[in-house]
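Text of entry_15.txt, listed as compact mmCIF, C-alpha atoms:
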# COMPACT_ATOMS: atom_id res chain seq x y z
CA MET A 1256 0.00 0.00 0.00
CA ASN A 1257 1.58 3.25 -1.05
CA GLU A 1258 1.77 6.16 1.34
CA ILE A 1259 0.91 9.59 0.04
CA PHE A 1260 2.34 12.35 2.16
CA PHE A 1261 0.73 15.78 1.68
CA ARG A 1262 2.48 19.01 2.59
CA VAL A 1263 1.26 22.57 2.15
CA ASP A 1264 4.03 25.16 2.12
CA GLU A 1265 4.01 28.44 0.28
CA ARG A 1266 7.71 28.03 -0.40
CA LEU A 1267 7.40 24.56 -1.91
CA VAL A 1268 10.84 23.01 -2.31
CA HIS A 1269 13.48 24.29 -0.02
CA GLY A 1270 16.66 22.49 0.69
CA GLN A 1271 17.25 20.83 4.00
CA ILE A 1272 13.66 20.71 5.14
CA LEU A 1273 12.57 18.85 2.05
CA PHE A 1274 15.40 16.31 2.32
CA LYS A 1275 14.35 15.49 5.88
CA TRP A 1276 10.75 14.85 4.90
CA LEU A 1277 11.64 12.82 1.83
CA GLU A 1278 13.82 10.61 4.00
CA HIS A 1279 11.32 10.42 6.86
CA ALA A 1280 8.47 9.43 4.56
CA SER A 1281 10.67 7.19 2.36
CA CYS A 1282 9.45 8.84 -0.81
CA SER A 1283 11.04 8.20 -4.17
CA LYS A 1284 8.62 10.49 -5.99
CA LEU A 1285 7.78 14.13 -5.49
CA TYR A 1286 4.64 15.64 -7.01
CA ILE A 1287 4.41 19.42 -7.08
CA ILE A 1288 0.76 20.23 -7.71
CA ASP A 1289 0.04 23.86 -8.55
CA ASP A 1290 -1.60 25.47 -11.60
CA GLN A 1291 0.91 28.33 -11.66
CA VAL A 1292 4.04 26.23 -11.29
CA ALA A 1293 2.72 23.71 -13.82
CA THR A 1294 2.95 26.39 -16.52
CA ASP A 1295 6.25 27.94 -15.44
CA PRO A 1296 9.20 26.04 -16.95
CA ILE A 1297 11.77 28.40 -15.47
CA LEU A 1298 10.58 27.83 -11.92
CA GLN A 1299 10.30 24.11 -12.60
CA GLY A 1300 13.92 24.05 -13.71
CA VAL A 1301 15.05 25.83 -10.57
CA LEU A 1302 13.01 23.64 -8.22
CA THR A 1303 14.20 20.47 -9.95
CA MET A 1304 17.83 21.49 -9.41
CA THR A 1305 17.41 21.39 -5.66
CA VAL A 1306 15.90 17.93 -5.37
CA PRO A 1307 18.19 14.95 -4.65
CA GLU A 1308 18.92 12.73 -7.65
CA SER A 1309 17.33 9.73 -6.03
CA VAL A 1310 13.93 11.44 -6.17
CA GLU A 1311 11.80 11.84 -9.31
CA VAL A 1312 10.00 15.19 -9.57
CA PHE A 1313 6.73 15.68 -11.41
CA PHE A 1314 4.83 18.92 -11.96
CA TYR A 1315 1.05 18.87 -12.28
CA SER A 1316 -1.86 21.26 -12.50
CA ALA A 1317 -4.52 20.70 -9.83
CA ASP A 1318 -6.65 18.58 -12.16
CA GLU A 1319 -3.78 16.43 -13.43
CA GLY A 1320 -2.40 16.14 -9.91
CA ALA A 1321 -5.56 14.65 -8.48
CA GLU A 1322 -5.47 11.88 -11.06
CA ALA A 1323 -1.75 11.27 -10.65
CA VAL A 1324 -2.11 10.83 -6.89
CA MET A 1325 -4.95 8.36 -7.31
CA ILE A 1326 -2.83 6.08 -9.50
CA ALA A 1327 0.46 6.51 -7.64
CA ASP A 1328 2.56 3.36 -7.62
CA ALA A 1329 5.11 4.33 -4.98
CA ASN A 1330 5.41 6.41 -1.82
CA VAL A 1331 4.88 10.00 -2.93
CA LEU A 1332 5.45 13.35 -1.25
CA VAL A 1333 2.87 15.79 -2.62
CA LEU A 1334 3.76 19.46 -2.32
CA LEU A 1335 1.17 22.18 -2.63
CA ARG A 1336 1.46 25.92 -2.25
CA THR A 1337 -2.07 26.63 -1.12
CA LEU A 1338 -5.02 25.15 0.74
CA ASP A 1339 -7.13 26.07 -2.28
CA THR A 1340 -5.26 23.57 -4.42
CA LEU A 1341 -5.51 20.97 -1.65
CA TRP A 1342 -9.28 21.45 -1.60
CA ARG A 1343 -9.52 21.18 -5.37
CA ILE A 1344 -7.76 17.83 -5.50
CA TYR A 1345 -9.85 16.66 -2.57
CA GLU A 1346 -13.07 17.59 -4.40
CA LYS A 1347 -11.87 15.58 -7.36
CA GLY A 1348 -11.91 12.50 -5.17
CA THR A 1349 -8.35 12.29 -3.84
CA GLU A 1350 -8.14 10.53 -0.52
CA ILE A 1351 -6.33 12.76 1.97
CA LYS A 1352 -5.68 11.15 5.34
CA THR A 1353 -3.14 13.57 6.79
CA VAL A 1354 -1.77 16.95 5.77
CA ASN A 1355 1.36 18.63 7.05
CA ILE A 1356 0.88 22.39 6.93
CA CYS A 1357 4.11 24.31 7.15
CA ARG A 1358 3.81 27.88 6.04
CA LEU A 1359 1.00 30.08 4.82
CA PRO A 1360 2.13 33.70 4.59
CA PHE A 1361 0.51 36.77 5.99
CA ALA A 1362 -1.72 38.94 3.82
CA PRO A 1363 -4.11 41.72 4.89
CA GLY A 1364 -7.30 40.22 6.24
CA LYS A 1365 -5.74 36.94 7.28
CA LYS A 1366 -5.69 35.80 10.87
CA LYS A 1367 -2.82 34.04 12.59
CA LEU A 1368 -3.48 30.40 13.26
CA TYR A 1369 0.04 29.57 14.40
CA GLU A 1370 3.66 30.68 13.83
CA ASN A 1371 4.00 31.45 10.11
CA ILE A 1372 0.49 30.23 9.41
CA TYR A 1373 -2.07 32.85 8.45
CA VAL A 1374 -5.48 31.95 7.08
CA SER A 1375 -8.36 33.74 5.41
CA GLY A 1376 -11.98 32.96 6.28
CA HIS A 1377 -12.18 30.80 3.17
CA GLU A 1378 -9.06 28.83 4.11
CA GLU A 1379 -10.41 28.31 7.61
CA GLU A 1380 -13.54 26.82 6.07
CA ILE A 1381 -11.41 24.42 4.06
CA ILE A 1382 -9.58 23.34 7.21
CA LYS A 1383 -12.85 22.81 9.06
CA SER A 1384 -14.43 20.83 6.22
CA LEU A 1385 -11.43 18.54 5.87
CA THR A 1386 -11.23 18.04 9.63
CA GLU A 1387 -14.93 17.16 9.80
CA ASP A 1388 -14.41 14.60 7.04
CA GLY A 1389 -11.69 12.91 9.06
CA THR A 1390 -8.52 14.38 7.59
CA VAL A 1391 -5.85 15.09 10.18
CA LEU A 1392 -4.10 18.42 9.63
CA TYR A 1393 -0.98 19.15 11.63
CA ILE A 1394 1.82 21.68 11.76
CA GLN A 1395 5.35 20.37 11.85
CA MET A 1396 8.28 22.12 10.23
CA VAL A 1397 10.68 19.16 10.34
CA PRO A 1398 10.19 15.56 11.54
CA ASP A 1399 12.23 16.26 14.71
CA ASN A 1400 9.72 18.90 15.88
CA GLU A 1401 6.61 17.91 17.76
CA ALA A 1402 3.46 18.00 15.67
CA VAL A 1403 0.79 20.54 16.56
CA TYR A 1404 -2.67 19.37 15.58
CA ILE A 1405 -4.83 22.00 13.92
CA ARG A 1406 -8.02 20.58 15.39
CA ASP A 1407 -6.69 21.82 18.75
CA LEU A 1408 -6.24 25.34 17.35
CA ILE A 1409 -9.53 26.09 15.63
CA MET B 1063 28.70 50.96 -14.80
CA LYS B 1064 29.30 48.98 -11.62
CA THR B 1065 27.51 45.66 -11.19
CA LYS B 1066 25.02 46.00 -8.37
CA ILE B 1067 25.46 43.32 -5.71
CA ILE B 1068 22.35 42.18 -3.86
CA LEU B 1069 22.56 39.80 -0.91
CA LEU B 1070 19.53 37.51 -0.52
CA THR B 1071 19.51 35.72 2.83
CA HIS B 1072 17.35 33.84 5.28
CA GLY B 1073 16.82 36.37 8.04
CA GLY B 1074 18.94 39.48 8.42
CA TRP B 1075 22.44 38.08 8.38
CA GLY B 1076 23.16 39.57 4.96
CA GLU B 1077 23.01 43.05 6.45
CA GLU B 1078 25.29 41.98 9.30
CA LEU B 1079 27.68 40.41 6.81
CA LEU B 1080 27.84 43.63 4.81
CA GLN B 1081 28.53 45.69 7.92
CA SER B 1082 31.27 43.32 9.05
CA ALA B 1083 32.85 43.17 5.60
CA GLN B 1084 32.97 46.97 5.56
CA MET B 1085 34.88 46.85 8.85
CA VAL B 1086 37.55 44.91 6.96
CA VAL B 1087 37.67 46.53 3.51
CA GLY B 1088 35.94 49.87 3.95
CA LYS B 1089 32.78 51.06 2.27
CA ILE B 1090 31.21 48.69 -0.25
CA GLU B 1091 29.22 50.79 -2.71
CA CYS B 1092 26.30 49.72 -4.85
CA CYS B 1093 25.33 46.83 -2.60
CA GLU B 1094 21.93 46.07 -1.13
CA THR B 1095 20.68 43.40 1.26
CA LEU B 1096 17.23 41.78 1.19
CA SER B 1097 16.28 39.65 4.17
CA LEU B 1098 13.70 36.90 3.78
CA MET B 1099 11.93 36.67 7.12
CA PRO B 1100 9.76 33.69 8.15
CA GLU B 1101 6.56 35.71 7.80
CA ASP B 1102 7.38 37.05 4.33
CA SER B 1103 5.55 35.74 1.30
CA ILE B 1104 7.42 34.86 -1.88
CA SER B 1105 5.51 37.43 -3.91
CA ASN B 1106 6.38 40.19 -1.48
CA TYR B 1107 10.04 39.18 -1.56
CA MET B 1108 10.03 39.20 -5.34
CA GLN B 1109 8.50 42.68 -5.37
CA ARG B 1110 11.39 43.86 -3.25
CA ILE B 1111 13.86 42.22 -5.61
CA ASP B 1112 12.11 43.80 -8.61
CA ALA B 1113 12.53 47.21 -7.00
CA ALA B 1114 16.19 46.53 -6.22
CA ILE B 1115 17.13 45.49 -9.76
CA GLU B 1116 15.01 48.04 -11.56
CA ASN B 1117 17.56 50.64 -12.52
CA ALA B 1118 20.67 48.51 -12.39
CA GLU B 1119 22.40 47.68 -15.65
CA ASN B 1120 24.12 44.59 -14.32
CA VAL B 1121 23.10 42.66 -11.23
CA LEU B 1122 24.79 39.99 -9.17
CA LEU B 1123 22.59 38.18 -6.66
CA LEU B 1124 24.50 36.44 -3.86
CA THR B 1125 22.40 33.98 -1.89
CA ASP B 1126 23.05 31.84 1.15
CA LEU B 1127 21.84 28.22 0.98
CA ALA B 1128 21.73 26.19 -2.21
CA GLY B 1129 18.15 25.00 -2.64
CA GLY B 1130 16.77 27.50 -0.14
CA THR B 1131 14.02 29.90 -1.08
CA PRO B 1132 16.30 32.93 -1.69
CA SER B 1133 18.44 30.79 -4.03
CA ASN B 1134 15.43 29.34 -5.81
CA ILE B 1135 14.06 32.80 -6.42
CA ALA B 1136 17.47 34.09 -7.52
CA GLY B 1137 17.64 31.21 -9.99
CA VAL B 1138 14.40 32.35 -11.57
CA TYR B 1139 15.69 35.89 -11.99
CA ALA B 1140 19.01 34.69 -13.38
CA LYS B 1141 17.24 32.57 -15.99
CA LYS B 1142 14.77 35.25 -16.93
CA TYR B 1143 17.03 38.26 -17.26
CA GLY B 1144 20.20 38.33 -19.33
CA THR B 1145 21.90 40.92 -17.13
CA VAL B 1146 21.13 39.23 -13.81
CA TYR B 1147 23.54 36.60 -12.49
CA ALA B 1148 23.25 34.63 -9.26
CA VAL B 1149 25.60 32.60 -7.07
CA CYS B 1150 24.73 30.70 -3.90
CA GLY B 1151 27.03 29.84 -1.01
CA LEU B 1152 27.44 33.36 0.33
CA ASN B 1153 30.21 33.99 2.83
CA MET B 1154 32.33 37.05 3.61
CA GLU B 1155 35.04 35.96 1.20
CA MET B 1156 32.49 35.87 -1.60
CA LEU B 1157 31.21 39.35 -0.85
CA ILE B 1158 34.68 40.86 -0.69
CA CYS B 1159 35.83 39.01 -3.84
CA ALA B 1160 32.70 40.07 -5.72
CA ASP B 1161 33.19 43.70 -4.71
CA ASN B 1162 36.77 43.56 -5.88
CA LEU B 1163 36.35 41.59 -9.11
CA ARG B 1164 33.41 43.61 -10.39
CA ASN B 1165 35.85 46.43 -11.08
CA THR B 1166 37.36 44.28 -13.82
CA TYR B 1167 34.72 41.72 -14.81
CA TYR B 1168 30.98 41.44 -15.25
CA GLY B 1169 28.32 38.88 -16.12
CA GLY B 1170 29.28 35.23 -16.57
CA GLU B 1171 32.98 35.99 -16.38
CA LEU B 1172 32.55 37.73 -13.03
CA VAL B 1173 30.69 34.69 -11.68
CA ASP B 1174 33.41 32.30 -12.89
CA LYS B 1175 36.17 34.37 -11.29
CA ILE B 1176 34.27 34.61 -8.02
CA GLU B 1177 33.66 30.88 -7.90
CA ILE B 1178 37.36 30.12 -8.36
CA ALA B 1179 38.52 32.77 -5.91
CA VAL B 1180 36.15 31.76 -3.11
CA LYS B 1181 36.81 28.04 -3.38
CA GLU B 1182 40.53 28.67 -3.11
CA LYS B 1183 39.96 30.36 0.24
CA ILE B 1184 38.30 27.45 2.01
CA LEU B 1185 41.33 26.21 3.94
CA ASN B 1186 42.16 23.83 6.71
CA LEU B 1187 43.92 26.14 9.17
CA LYS B 1188 45.53 23.29 11.06
CA ARG B 1189 48.01 22.63 8.26

Could you quickly redo this structure as structure tokens?
Amino acid sequence: MNEIFFRVDERLVHGQILFKWLEHASCSKLYIIDDQVATDPILQGVLTMTVPESVEVFFYSADEGAEAVMIADANVLVLLRTLDTLWRIYEKGTEIKTVNICRLPFAPGKKKLYENIYVSGHEEEIIKSLTEDGTVLYIQMVPDNEAVYIRDLI
Amino acid sequence: MKTKIILLTHGGWGEELLQSAQMVVGKIECCETLSLMPEDSISNYMQRIDAAIENAENVLLLTDLAGGTPSNIAGVYAKKYGTVYAVCGLNMEMLICADNLRNTYYGGELVDKIEIAVKEKILNLKR
């Protein structure tokens, strides 16, 4: 049974943190699911450069990503930039058991949920809906940190 | 026209590095630092970089960690703009070398010279 590990981080791929999660979750494949990144070859080139050679990187739009996850044939780390994209792949039928939320930046109108995690009303609704459906959302920067469960924060 | 050097770092250590380097070699002109703080968004950071490179003819971005967000963003700029170059692995040697070498070189050649010069200065002091 393949494990799909979901992570929402506005900064997507970044060095040491990513290596730790890839190792921790024993993932040989990395799916970056984001409509904007899927159409930006320059950014894709840069992000690919920073991933270890032992890991295969794939870039998908939200629609393509949902399908790719459903037919995954290995342990996969799925990276998303926004909760919006997470919700879109969920609505398409993707099973999401747990989600590691790392960083959602501040913007006017957003409220602070936790360190480095700011959410709009709409994003809060997404978190609540997923939680009600049984998805476990937690905040954990690196595997060594203790996980903070979002259900305890909202 | 002098290549503008911009330091892109996690947190504010780029500014500290510049201040310390100036203690050693004197004033470093045409050099700006942009700190990426934990609460900053990527788009906000890029707006600050856009403003910093706007009127510069030649730009050299020096970033700290390979694969970190500042380096990833610098990579995008370097690939998009012909007159923007970027190197990761920032240390004081790199800043001082870059400041020095930009008087003679620019663009790809400047980057090559910096890479060679900095690597030569990573030394085991026990020997």

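Excluding region 1321-1331 of chain A itself and any same-chain residue fewer than 3 positions from it, the protein and nucleic acid residues within 6 Å of it, counting all atoms listed in the file, are Asn1257, Glu1258, Ile1259, Cys1282, Lys1284, Leu1285, Asp1318, Ile1344 and Thr1349 of chain A.
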
Can you list, as number ranges by chain, every protein, DNA or RNA residue that comes within 12 Å of region 1164-1171 of chain B when you count only C-alpha atoms, leaving out same-chain residues fewer than 6 positions away?
B: 1063-1067, 1090-1093, 1119-1123, 1140, 1143-1149, 1156-1158, 1177-1178

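CA of Pro1296 (chain A) lies 9.8 Å from CA of Val1138 (chain B).
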
Write down, as a ChimeraX atom specification, each residue of chain B that has any atom within 9 Å of an atom of chain A, counting all atoms listed in the file.
/B:1100-1104,1127-1131,1133-1135,1137-1138,1141-1142

Based on the selection just made, write C-alpha atoms of those residues as a CSV table (one decimal), in the frame of the given file.
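Saved result, again-v4.csv, follows:
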chain,number,residue,atom,x,y,z
B,1100,PRO,CA,9.8,33.7,8.2
B,1101,GLU,CA,6.6,35.7,7.8
B,1102,ASP,CA,7.4,37.0,4.3
B,1103,SER,CA,5.6,35.7,1.3
B,1104,ILE,CA,7.4,34.9,-1.9
B,1127,LEU,CA,21.8,28.2,1.0
B,1128,ALA,CA,21.7,26.2,-2.2
B,1129,GLY,CA,18.2,25.0,-2.6
B,1130,GLY,CA,16.8,27.5,-0.1
B,1131,THR,CA,14.0,29.9,-1.1
B,1133,SER,CA,18.4,30.8,-4.0
B,1134,ASN,CA,15.4,29.3,-5.8
B,1135,ILE,CA,14.1,32.8,-6.4
B,1137,GLY,CA,17.6,31.2,-10.0
B,1138,VAL,CA,14.4,32.4,-11.6
B,1141,LYS,CA,17.2,32.6,-16.0
B,1142,LYS,CA,14.8,35.2,-16.9

Skip region 1335-1338 of chain A itself and residues of its chain fewer than 4 positions away, then list as a list in words all residues within 7 Å of it, counting only C-alpha atoms.
Arg1262, Val1263, Asp1264, Glu1265, Arg1266, Leu1267, Ile1287, Ile1288, Asp1289, Trp1342 and Glu1378 of chain A

Shortest interatomic distance to Glu1379 (chain A) - which of A:Val1391, A:Ile1409, A:Met1396, A:Val1354, counting all atoms listed in the file:
A:Ile1409

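One distance worth recording is that between CA of Leu1277 (chain A) and CA of Leu1341 (chain A), which is 19.3 Å.
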
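Counting from CA of Gly1364 (chain A), the distance to CA of Met1099 (chain B) is 19.6 Å.
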
Contacts of Val1087 (chain B) within 10 Å, all atoms listed in the file, excl. fewer than 4 positions in-chain, as a CSV table (one decimal) with C-alpha atoms, keeping the file's coordinate frame:
chain,number,residue,atom,x,y,z
B,1082,SER,CA,31.3,43.3,9.0
B,1083,ALA,CA,32.8,43.2,5.6
B,1158,ILE,CA,34.7,40.9,-0.7
B,1161,ASP,CA,33.2,43.7,-4.7
B,1162,ASN,CA,36.8,43.6,-5.9
